[in-house]
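Structure data (mmCIF, C-alpha atoms and all ligand atoms) from data_38.cif:
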data_target
#
loop_
_atom_site.label_atom_id
_atom_site.label_comp_id
_atom_site.auth_asym_id
_atom_site.auth_seq_id
_atom_site.Cartn_x
_atom_site.Cartn_y
_atom_site.Cartn_z
CA MET P 1 4.64 46.62 -38.59
CA SER P 2 2.67 43.70 -39.93
CA ARG P 3 2.84 40.29 -38.26
CA VAL P 4 3.67 37.15 -40.22
CA PHE P 5 3.16 33.58 -38.97
CA SER P 6 3.75 30.22 -40.61
CA GLY P 7 4.56 26.65 -39.70
CA VAL P 8 6.03 23.49 -41.15
CA GLN P 9 5.55 19.98 -39.81
CA PRO P 10 8.66 18.24 -38.44
CA THR P 11 8.81 15.36 -40.85
CA GLY P 12 11.66 14.19 -43.06
CA ASN P 13 11.84 14.80 -46.80
CA ILE P 14 11.35 18.58 -46.87
CA HIS P 15 11.24 19.15 -50.62
CA ILE P 16 11.42 21.91 -53.19
CA GLY P 17 7.61 22.19 -53.10
CA ASN P 18 7.81 23.17 -49.43
CA TYR P 19 10.66 25.52 -50.29
CA LEU P 20 9.18 27.24 -53.34
CA GLY P 21 5.64 27.35 -51.97
CA ALA P 22 6.34 28.43 -48.41
CA LEU P 23 9.85 28.50 -46.94
CA ARG P 24 11.31 30.85 -49.52
CA GLN P 25 8.73 33.47 -48.60
CA PHE P 26 9.74 33.22 -44.93
CA VAL P 27 13.15 34.70 -45.73
CA ASP P 28 11.85 37.50 -47.96
CA LEU P 29 9.34 38.66 -45.34
CA GLN P 30 11.85 38.97 -42.49
CA ASN P 31 13.09 42.41 -43.42
CA ASP P 32 9.87 44.37 -43.32
CA SER P 33 7.58 42.34 -41.02
CA GLU P 34 7.61 40.87 -37.57
CA CYS P 35 7.93 37.17 -38.40
CA ILE P 36 7.10 34.15 -36.27
CA TYR P 37 7.97 30.71 -37.63
CA CYS P 38 6.93 27.54 -35.92
CA ILE P 39 7.77 23.86 -36.11
CA VAL P 40 4.36 22.33 -35.67
CA ASP P 41 5.05 19.10 -33.81
CA MET P 42 1.51 18.85 -32.45
CA HIS P 43 0.24 18.79 -36.02
CA ALA P 44 2.70 16.01 -36.79
CA ILE P 45 1.17 13.71 -34.15
CA THR P 46 -2.22 13.78 -35.87
CA VAL P 47 -0.78 10.74 -37.64
CA PRO P 48 1.40 8.10 -35.89
CA GLN P 49 5.00 9.19 -35.18
CA ASP P 50 8.03 7.43 -33.79
CA PRO P 51 9.13 9.55 -30.78
CA LYS P 52 12.87 9.36 -31.57
CA GLU P 53 12.32 10.27 -35.19
CA LEU P 54 9.99 13.11 -34.26
CA LYS P 55 12.57 14.62 -31.91
CA LYS P 56 15.22 14.40 -34.62
CA HIS P 57 12.95 15.91 -37.26
CA ILE P 58 12.14 18.90 -35.03
CA LEU P 59 15.80 19.90 -35.02
CA ASP P 60 16.22 18.96 -38.70
CA VAL P 61 13.46 21.35 -39.74
CA ALA P 62 14.71 24.08 -37.39
CA ALA P 63 18.19 23.75 -38.95
CA LEU P 64 16.67 23.89 -42.42
CA TYR P 65 14.81 27.10 -41.57
CA MET P 66 18.14 28.67 -40.61
CA ALA P 67 20.02 27.15 -43.56
CA ILE P 68 17.67 28.75 -46.07
CA GLY P 69 18.16 32.11 -44.35
CA VAL P 70 15.64 32.47 -41.54
CA ASP P 71 17.55 34.52 -39.00
CA PRO P 72 16.60 33.93 -35.34
CA LYS P 73 17.86 37.43 -34.54
CA LYS P 74 15.22 38.89 -36.83
CA SER P 75 12.44 36.32 -36.50
CA ILE P 76 10.96 34.29 -33.66
CA VAL P 77 11.51 30.58 -34.31
CA PHE P 78 10.11 27.99 -31.92
CA VAL P 79 8.55 24.56 -31.46
CA GLN P 80 4.76 24.54 -31.19
CA SER P 81 4.44 22.20 -28.18
CA ASP P 82 6.81 24.44 -26.16
CA VAL P 83 4.10 27.11 -26.11
CA LYS P 84 1.11 25.64 -24.29
CA GLN P 85 -1.31 28.36 -25.39
CA HIS P 86 -1.67 26.71 -28.82
CA ALA P 87 -3.52 23.77 -27.29
CA GLU P 88 -5.42 26.05 -24.93
CA LEU P 89 -6.74 28.27 -27.69
CA GLY P 90 -7.33 25.17 -29.80
CA TRP P 91 -9.95 23.96 -27.35
CA ILE P 92 -11.66 27.32 -27.21
CA LEU P 93 -11.79 27.50 -31.00
CA ASN P 94 -13.12 23.94 -31.16
CA CYS P 95 -16.17 25.22 -29.37
CA ASN P 96 -16.59 27.86 -32.08
CA THR P 97 -16.14 25.61 -35.11
CA TYR P 98 -18.77 23.38 -36.69
CA MET P 99 -18.42 19.68 -37.46
CA GLY P 100 -19.71 20.42 -40.97
CA GLU P 101 -16.88 22.87 -41.63
CA LEU P 102 -14.22 20.35 -40.70
CA SER P 103 -15.94 17.55 -42.64
CA ARG P 104 -15.52 19.60 -45.81
CA MET P 105 -11.73 19.95 -45.53
CA THR P 106 -10.12 18.25 -48.54
CA GLN P 107 -6.83 17.54 -46.75
CA TYR P 108 -8.71 15.62 -44.07
CA LYS P 109 -10.65 13.66 -46.64
CA GLN P 110 -7.41 12.68 -48.38
CA LYS P 111 -5.44 11.87 -45.23
CA LYS P 112 -8.27 9.89 -43.69
CA GLN P 113 -8.18 7.50 -46.62
CA LYS P 114 -4.54 6.69 -45.89
CA SER P 115 -5.29 5.79 -42.28
CA GLU P 116 -7.10 2.70 -41.06
CA ASN P 117 -8.28 4.43 -37.92
CA PRO P 118 -8.03 8.24 -38.29
CA SER P 119 -7.60 10.13 -34.99
CA VAL P 120 -9.85 12.92 -33.73
CA GLY P 121 -6.72 15.08 -33.96
CA LEU P 122 -6.54 14.53 -37.71
CA PHE P 123 -10.12 15.78 -38.03
CA ASP P 124 -9.38 18.71 -35.74
CA TYR P 125 -6.06 19.63 -37.41
CA PRO P 126 -7.40 22.83 -39.08
CA VAL P 127 -8.64 24.22 -35.73
CA LEU P 128 -5.18 23.84 -34.19
CA MET P 129 -3.80 25.58 -37.26
CA ALA P 130 -6.31 28.41 -36.79
CA SER P 131 -5.20 28.74 -33.18
CA ASP P 132 -1.52 28.92 -34.27
CA ILE P 133 -2.40 31.81 -36.53
CA LEU P 134 -4.90 33.72 -34.36
CA LEU P 135 -2.77 33.44 -31.21
CA TYR P 136 -0.26 35.92 -32.65
CA ASP P 137 -2.61 38.54 -34.15
CA THR P 138 -1.26 37.46 -37.51
CA ASP P 139 -1.85 39.63 -40.59
CA THR P 140 -0.15 37.42 -43.18
CA VAL P 141 0.34 33.65 -43.51
CA PRO P 142 2.85 32.59 -46.21
CA VAL P 143 1.94 29.05 -47.32
CA GLY P 144 1.57 26.84 -50.38
CA ASN P 145 -1.71 26.70 -52.31
CA ASP P 146 -2.76 23.46 -50.62
CA GLN P 147 -3.37 25.40 -47.39
CA LYS P 148 -5.91 27.84 -48.88
CA GLN P 149 -8.92 26.07 -47.40
CA HIS P 150 -7.33 25.97 -43.93
CA ILE P 151 -6.57 29.71 -44.06
CA GLU P 152 -10.14 30.38 -45.13
CA LEU P 153 -11.37 28.46 -42.07
CA ALA P 154 -9.08 30.45 -39.75
CA ARG P 155 -10.56 33.63 -41.20
CA ASP P 156 -14.13 32.35 -40.76
CA ILE P 157 -13.46 31.41 -37.13
CA ALA P 158 -11.90 34.82 -36.42
CA ILE P 159 -14.82 36.67 -37.98
CA ARG P 160 -17.33 34.48 -36.10
CA VAL P 161 -15.67 35.01 -32.71
CA ASN P 162 -15.36 38.76 -33.32
CA GLY P 163 -19.05 38.85 -34.18
CA LYS P 164 -20.12 36.89 -31.11
CA TYR P 165 -17.76 38.30 -28.46
CA GLY P 166 -16.56 41.65 -29.81
CA LYS P 167 -13.21 42.33 -31.50
CA THR P 168 -10.94 39.55 -30.31
CA PHE P 169 -8.86 38.39 -33.27
CA VAL P 170 -7.06 39.91 -36.24
CA VAL P 171 -8.49 38.38 -39.45
CA PRO P 172 -5.48 36.90 -41.31
CA ASP P 173 -4.71 36.70 -45.03
CA GLY P 174 -2.88 33.92 -46.87
CA ARG P 175 0.14 34.80 -49.00
CA PHE P 176 0.81 32.61 -52.01
CA MET P 177 3.68 32.65 -54.49
CA LYS P 178 3.02 33.28 -58.18
CA SER P 179 5.41 30.53 -59.21
CA GLY P 180 6.05 27.52 -57.01
CA ALA P 181 2.83 27.67 -55.00
CA ARG P 182 1.99 24.18 -56.16
CA VAL P 183 4.91 22.02 -57.22
CA MET P 184 3.81 18.68 -58.68
CA SER P 185 5.32 15.20 -58.36
CA LEU P 186 8.07 14.42 -60.85
CA ASP P 187 6.74 10.91 -61.51
CA ASP P 188 3.07 11.88 -61.68
CA PRO P 189 2.68 15.58 -62.49
CA THR P 190 -1.05 15.49 -61.84
CA SER P 191 -0.57 15.07 -58.06
CA LYS P 192 1.33 17.47 -55.79
CA MET P 193 4.89 16.79 -54.69
CA SER P 194 4.62 15.24 -51.24
CA LYS P 195 6.84 14.16 -48.37
CA SER P 196 5.14 10.80 -48.09
CA ASN P 197 5.21 9.48 -51.67
CA PRO P 198 7.00 6.07 -51.51
CA ASN P 199 8.78 6.83 -54.79
CA GLU P 200 11.86 8.90 -53.88
CA LYS P 201 12.24 10.09 -57.45
CA SER P 202 8.87 11.82 -57.19
CA ARG P 203 10.45 14.69 -55.27
CA ILE P 204 13.65 16.67 -54.81
CA CYS P 205 14.53 17.16 -51.15
CA LEU P 206 16.44 20.25 -50.11
CA LEU P 207 19.31 18.15 -48.78
CA ASP P 208 19.51 15.62 -51.63
CA GLU P 209 22.99 15.08 -53.08
CA PRO P 210 23.54 16.76 -56.48
CA ASN P 211 23.60 13.37 -58.19
CA LYS P 212 20.26 12.39 -56.70
CA VAL P 213 18.77 15.68 -57.90
CA LYS P 214 20.09 14.89 -61.35
CA LYS P 215 18.59 11.41 -61.40
CA ALA P 216 15.18 12.65 -60.24
CA ILE P 217 15.02 15.41 -62.87
CA MET P 218 16.38 13.32 -65.73
CA SER P 219 13.78 10.62 -65.05
CA ALA P 220 10.87 13.06 -64.56
CA THR P 221 7.75 12.14 -66.52
CA THR P 222 7.22 14.24 -69.67
CA ASP P 223 5.35 13.44 -72.91
CA SER P 224 6.15 12.30 -76.43
CA GLU P 225 5.60 15.59 -78.25
CA GLY P 226 9.19 16.75 -77.78
CA VAL P 227 8.28 20.46 -77.74
CA ILE P 228 8.86 22.71 -74.73
CA ARG P 229 5.67 24.66 -74.21
CA TYR P 230 3.42 25.42 -71.26
CA SER P 231 0.04 23.70 -70.93
CA VAL P 232 -0.84 22.22 -67.55
CA LYS P 233 -3.67 20.26 -69.12
CA GLU P 234 -1.93 18.82 -72.17
CA LYS P 235 1.66 18.77 -70.86
CA PRO P 236 1.58 18.59 -67.05
CA GLY P 237 5.13 17.17 -66.79
CA ILE P 238 6.94 19.79 -68.87
CA SER P 239 4.76 22.56 -67.41
CA ASN P 240 5.73 21.51 -63.89
CA LEU P 241 9.44 21.50 -64.85
CA LEU P 242 9.01 24.94 -66.44
CA ASP P 243 7.41 26.20 -63.22
CA ILE P 244 10.27 24.81 -61.15
CA TYR P 245 12.86 26.29 -63.55
CA SER P 246 11.10 29.65 -63.45
CA ALA P 247 10.80 29.68 -59.65
CA PHE P 248 14.50 28.90 -59.13
CA SER P 249 15.92 31.09 -61.90
CA GLY P 250 13.57 34.07 -61.66
CA LYS P 251 13.04 33.92 -65.44
CA SER P 252 9.42 33.94 -66.60
CA VAL P 253 7.94 30.79 -68.12
CA ALA P 254 7.35 32.70 -71.39
CA LYS P 255 11.03 33.63 -71.54
CA LEU P 256 12.10 30.03 -70.89
CA VAL P 257 9.78 28.69 -73.58
CA LYS P 258 11.39 31.11 -76.07
CA GLU P 259 14.91 30.24 -74.91
CA TYR P 260 14.29 26.52 -75.42
CA GLU P 261 12.58 26.77 -78.80
CA GLY P 262 13.95 24.00 -80.99
CA HIS P 263 15.66 22.22 -78.05
CA GLY P 264 14.77 18.74 -76.80
CA TYR P 265 13.73 17.69 -73.30
CA GLY P 266 17.22 16.32 -72.60
CA ASP P 267 18.91 19.72 -72.99
CA PHE P 268 16.23 21.42 -70.97
CA LYS P 269 16.43 18.90 -68.13
CA LYS P 270 20.24 19.09 -68.02
CA ASP P 271 20.08 22.86 -67.57
CA LEU P 272 17.37 22.51 -64.95
CA VAL P 273 19.63 20.15 -62.96
CA GLU P 274 22.28 22.90 -62.93
CA VAL P 275 19.82 25.60 -61.90
CA VAL P 276 18.36 23.52 -59.05
CA ASN P 277 21.74 22.35 -57.78
CA GLN P 278 23.12 25.88 -57.81
CA SER P 279 20.23 27.05 -55.67
CA LEU P 280 20.46 24.13 -53.25
CA ASP P 281 24.26 24.25 -52.83
CA PRO P 282 24.37 27.05 -50.24
CA ILE P 283 21.52 25.41 -48.28
CA ARG P 284 23.28 22.02 -48.20
CA ASN P 285 26.55 23.70 -47.21
CA ARG P 286 25.13 25.66 -44.29
CA TYR P 287 22.84 22.95 -42.97
CA GLN P 288 25.32 20.51 -41.37
CA GLU P 289 27.09 23.12 -39.30
CA ILE P 290 23.84 24.64 -38.03
CA ARG P 291 22.32 21.24 -37.23
CA GLN P 292 25.23 20.37 -34.87
CA SER P 293 25.33 23.74 -33.11
CA GLN P 294 24.18 24.52 -29.58
CA GLU P 295 22.98 27.87 -30.91
CA LEU P 296 20.18 26.08 -32.71
CA VAL P 297 18.72 24.72 -29.46
CA ASP P 298 19.32 28.01 -27.63
CA SER P 299 17.53 30.05 -30.27
CA LEU P 300 14.51 27.72 -30.17
CA LYS P 301 14.31 28.09 -26.39
CA GLU P 302 14.53 31.84 -26.65
CA GLY P 303 11.95 31.79 -29.45
CA ALA P 304 9.50 29.83 -27.28
CA GLU P 305 9.84 32.38 -24.47
CA LYS P 306 9.15 35.31 -26.78
CA ALA P 307 6.24 33.51 -28.44
CA SER P 308 4.70 32.60 -25.05
CA GLU P 309 4.65 36.23 -24.01
CA ILE P 310 2.66 37.26 -27.08
CA ALA P 311 0.42 34.19 -26.86
CA GLU P 312 -0.43 34.78 -23.20
CA LYS P 313 -1.67 38.29 -23.95
CA THR P 314 -4.05 36.90 -26.57
CA ILE P 315 -5.32 34.14 -24.27
CA LYS P 316 -6.07 36.71 -21.55
CA ARG P 317 -8.05 38.80 -24.05
CA VAL P 318 -9.95 35.75 -25.35
CA LYS P 319 -10.82 34.54 -21.85
CA LYS P 320 -11.96 37.99 -20.81
CA ASN P 321 -14.16 38.48 -23.87
CA MET P 322 -15.70 35.02 -23.50
CA GLY P 323 -16.26 35.20 -19.76
CA LEU P 324 -13.87 32.35 -18.95
CA GLY P 325 -11.97 31.95 -15.65
CA LEU P 326 -12.00 34.04 -12.52
P1 LIG W 1 3.90 20.63 -44.65
O1 LIG W 1 4.99 19.80 -45.17
O2 LIG W 1 2.60 20.02 -44.96
O3 LIG W 1 4.10 21.07 -43.27
O4 LIG W 1 3.94 21.91 -45.58
C1 LIG W 1 4.81 23.00 -45.37
C2 LIG W 1 4.52 24.10 -46.36
O5 LIG W 1 4.84 23.66 -47.70
C3 LIG W 1 3.05 24.52 -46.43
O6 LIG W 1 2.98 25.93 -46.52
C4 LIG W 1 2.53 23.89 -47.68
O7 LIG W 1 1.48 24.62 -48.26
C5 LIG W 1 3.75 23.89 -48.58
N1 LIG W 1 3.71 22.81 -49.58
C6 LIG W 1 3.62 21.48 -49.34
N2 LIG W 1 3.65 20.77 -50.49
C7 LIG W 1 3.77 21.69 -51.50
C8 LIG W 1 3.85 21.58 -52.93
N3 LIG W 1 3.86 20.41 -53.55
N4 LIG W 1 3.97 22.74 -53.64
C9 LIG W 1 3.99 23.94 -53.02
N5 LIG W 1 3.91 24.11 -51.67
C10 LIG W 1 3.81 23.00 -50.92
N1 LIG W 2 -0.95 22.83 -42.07
C1 LIG W 2 0.30 23.36 -42.52
C2 LIG W 2 0.86 22.42 -43.57
O1 LIG W 2 0.65 21.26 -43.57
C3 LIG W 2 1.28 23.53 -41.38
C4 LIG W 2 0.80 24.55 -40.40
C5 LIG W 2 0.34 24.31 -39.13
C6 LIG W 2 0.71 25.94 -40.60
N2 LIG W 2 0.00 25.46 -38.51
C7 LIG W 2 0.20 26.48 -39.38
C8 LIG W 2 0.99 26.78 -41.66
C9 LIG W 2 -0.05 27.86 -39.23
C10 LIG W 2 0.75 28.15 -41.52
C11 LIG W 2 0.24 28.67 -40.32
O2 LIG W 2 1.56 22.84 -44.41
#
Could you show the structure in this file as structure tokens?
Ligand code: AMP
Ligand code: TRP
Amino acid sequence: MSRVFSGVQPTGNIHIGNYLGALRQFVDLQNDSECIYCIVDMHAITVPQDPKELKKHILDVAALYMAIGVDPKKSIVFVQSDVKQHAELGWILNCNTYMGELSRMTQYKQKKQKSENPSVGLFDYPVLMASDILLYDTDTVPVGNDQKQHIELARDIAIRVNGKYGKTFVVPDGRFMKSGARVMSLDDPTSKMSKSNPNEKSRICLLDEPNKVKKAIMSATTDSEGVIRYSVKEKPGISNLLDIYSAFSGKSVAKLVKEYEGHGYGDFKKDLVEVVNQSLDPIRNRYQEIRQSQELVDSLKEGAEKASEIAEKTIKRVKKNMGLGL
């Protein structure tokens, strides 16, 4: 059975980009793979965090995983810092990664600009991500398009270590959705939808009230042509809304364009509000109950135990192959 691993950072504002690009795949994969899903709190602290907020967001994201349909009976779900081998392997991989490789990472270059004094952890973020993935002999990593470069690095590190020390790691592959792999901001459809955009109307969060969803979609940036057709270059706003519509409804973009021939943006947006709200309803409904439950905490503890067992086996193999320890 193939092994799947992915992670999401415990921050607020989990949005439909996270859902359509990554989280949705988590649920689909559960039935025919051995899935491990992580809440990557050690990645979150690469930028400043308020400890109380961080703790809350860890459980928020865990509850969201379960509300969208991740089943802790089928999948291992746990918090990254509860399994110490992530940091341990991280150090070992640091010593097998080049400064030049990390300097080329576009996410680092972007995030560094937002910080007055970027931490070493922010620079090193992709190595910790590689250790998350390689620790579990992962075959497949479901993520959004923005993580392609990080996955490529994890592969390069695995291949390098295997070459130097003999077969040690499984070389992982990324898994990207055809529609929804890169959801753009509603206010500026040339940049990706993000958790940190100060404009709340730039995104739709999974737990937003139906009315808020409506306001965000109805005020989404479009163009003055008034024709619903797909062209990311000429019509990034409408194309993004078509992608979102397609991802939630399962209808192809071509089919939607035909359906809305002769209709204005207003009609199209109104229908999109319905489609999005219908998809988010069951998530919103399940979330509150799960978030309050003791089962949530219990399943994370159990997940960490199971994950540690797998991780320890890998660490033993790595240490042996590299000549570390007694
Ligand atoms: P993060 O919030 O950075 O932990 O991201 C969690 C997952 O959501 C990752 O797999 C990302 O690739 C994915 N993701 C983040 N933003 C977007 C977006 N705008 N469109 C599609 N996927 C996204
Ligand atoms: N870097 C990923 C993101 O921002 C989160 C992440 C951390 C991750 N470790 C991972 C994703 C391992 C997949 C596998 O979206």
* Using only C-alpha atoms and all ligand atoms, find each residue with an atom at most 9 Å away from ligand LIG 2 (chain W) and format the answer as a PyMOL selection string. => chain P and resi 5-9+18+22+37-44+80+107+125-126+128-133+141-144+146-147+150-151+174
* Using only C-alpha atoms, pick whichever of P:Gly180, P:Gly262, P:Arg317, P:Gln288 has the shortest atom-to-atom distance to Asn162 of chain P. =>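 Looking only at the distances to Asn162 of chain P, the closest residue turns out to be P:Arg317.
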* To do: Please indicate the distance in Å from atom CA of Glu312 of chain P to atom CA of Gly69 of chain P, rounded to one decimal place.
  =>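 A separation of 28.3 Å between them.
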* To do: Determine the nearest neighbour of Gly303 of chain P from the options P:Val83, P:Met218, P:Ala247, P:Ala67, counting all atoms listed in the file.
  => P:Val83
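Of the residues under consideration (P:Trp91, P:Phe78, P:Phe26, P:Phe248), P:Phe26 shows the shortest atom-to-atom contact distance to ligand LIG 1 (chain W) when counting only C-alpha atoms and all ligand atoms.
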Could you list, as a PDB file with C-alpha atoms, keeping the file's coordinate frame, every residue within 12 Å of Lys255 of chain P, counting only C-alpha atoms and ignoring same-chain residues fewer than 2 positions away?
ATOM      1  CA  ILE P 228       8.860  22.710 -74.730  1.00  0.00           C
ATOM      2  CA  ARG P 229       5.670  24.660 -74.210  1.00  0.00           C
ATOM      3  CA  TYR P 230       3.420  25.420 -71.260  1.00  0.00           C
ATOM      4  CA  LEU P 242       9.010  24.940 -66.440  1.00  0.00           C
ATOM      5  CA  ASP P 243       7.410  26.200 -63.220  1.00  0.00           C
ATOM      6  CA  TYR P 245      12.860  26.290 -63.550  1.00  0.00           C
ATOM      7  CA  SER P 246      11.100  29.650 -63.450  1.00  0.00           C
ATOM      8  CA  SER P 249      15.920  31.090 -61.900  1.00  0.00           C
ATOM      9  CA  GLY P 250      13.570  34.070 -61.660  1.00  0.00           C
ATOM     10  CA  LYS P 251      13.040  33.920 -65.440  1.00  0.00           C
ATOM     11  CA  SER P 252       9.420  33.940 -66.600  1.00  0.00           C
ATOM     12  CA  VAL P 253       7.940  30.790 -68.120  1.00  0.00           C
ATOM     13  CA  VAL P 257       9.780  28.690 -73.580  1.00  0.00           C
ATOM     14  CA  LYS P 258      11.390  31.110 -76.070  1.00  0.00           C
ATOM     15  CA  GLU P 259      14.910  30.240 -74.910  1.00  0.00           C
ATOM     16  CA  TYR P 260      14.290  26.520 -75.420  1.00  0.00           C
ATOM     17  CA  GLU P 261      12.580  26.770 -78.800  1.00  0.00           C
TER      18      GLU P 261
END
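The gap separating atom CA of Leu135 of chain P from atom CA of Lys301 of chain P is 18.5 Å, in Å to one decimal.
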* **One-decimal distance in Å that lies between atom CA of Lys84 of chain P and atom CA of Thr168 of chain P** =>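 A separation of 19.4 Å between them.
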Give the padded box for segment 293-309 of chain P as lines of an AutoDock Vina configuration file: axis-aligned, covering all atoms listed in the file, 3 Å on each side, centre and edge lengths in Å to one decimal.
center_x = 15.0
center_y = 30.0
center_z = -28.6
size_x = 26.7
size_y = 18.5
size_z = 15.1
* Between P:Ile58, P:Cys95, P:Ile283, P:Leu89, which has the minimum distance to Ile16 of chain P (counting all atoms listed in the file)? ->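 Closest residue, counting all atoms listed in the file: P:Ile283.
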* With distances taken over all atoms listed in the file, which of P:Tyr265, P:Tyr136, P:Tyr65, P:Phe123 is nearest to ligand LIG 1 (chain W)? ->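 Using all atoms listed in the file, ligand LIG 1 (chain W) sits closest to P:Tyr65.
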* Using only C-alpha atoms, which residues sit within 8 Å of Val127 of chain P once same-chain residues fewer than 3 positions away are excluded, as a list in words? ->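 These residues fall inside the cut-off: Gly90, Leu93, Asn94, Thr97, Asp124, Ala130, Ser131 and Ala154 of chain P.
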* Asked: Which of these residues is nearest to Ser103 of chain P, using only C-alpha atoms: P:Ile244, P:Leu153, P:Ser75, P:Thr314?
  ->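 Ranking P:Ile244, P:Leu153, P:Ser75, P:Thr314 by distance to Ser103 of chain P, first place goes to P:Leu153.
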* **Spatial neighbours of Arg203 of chain P, max dist 7 Å, all atoms listed in the file, sep filter under 6 positions, as a PyMOL selection string** => chain P and resi 15+185-186+193
* Any idea what's packed within 8 Å of Tyr287 of chain P, counting only C-alpha atoms, ignoring anything in its chain fewer than 3 positions away? Could you give it as a list in words? ->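 Close residues of Tyr287 of chain P: Ala63, Leu64, Met66, Ala67, Ile283, Arg284, Ile290 and Arg291 of chain P.
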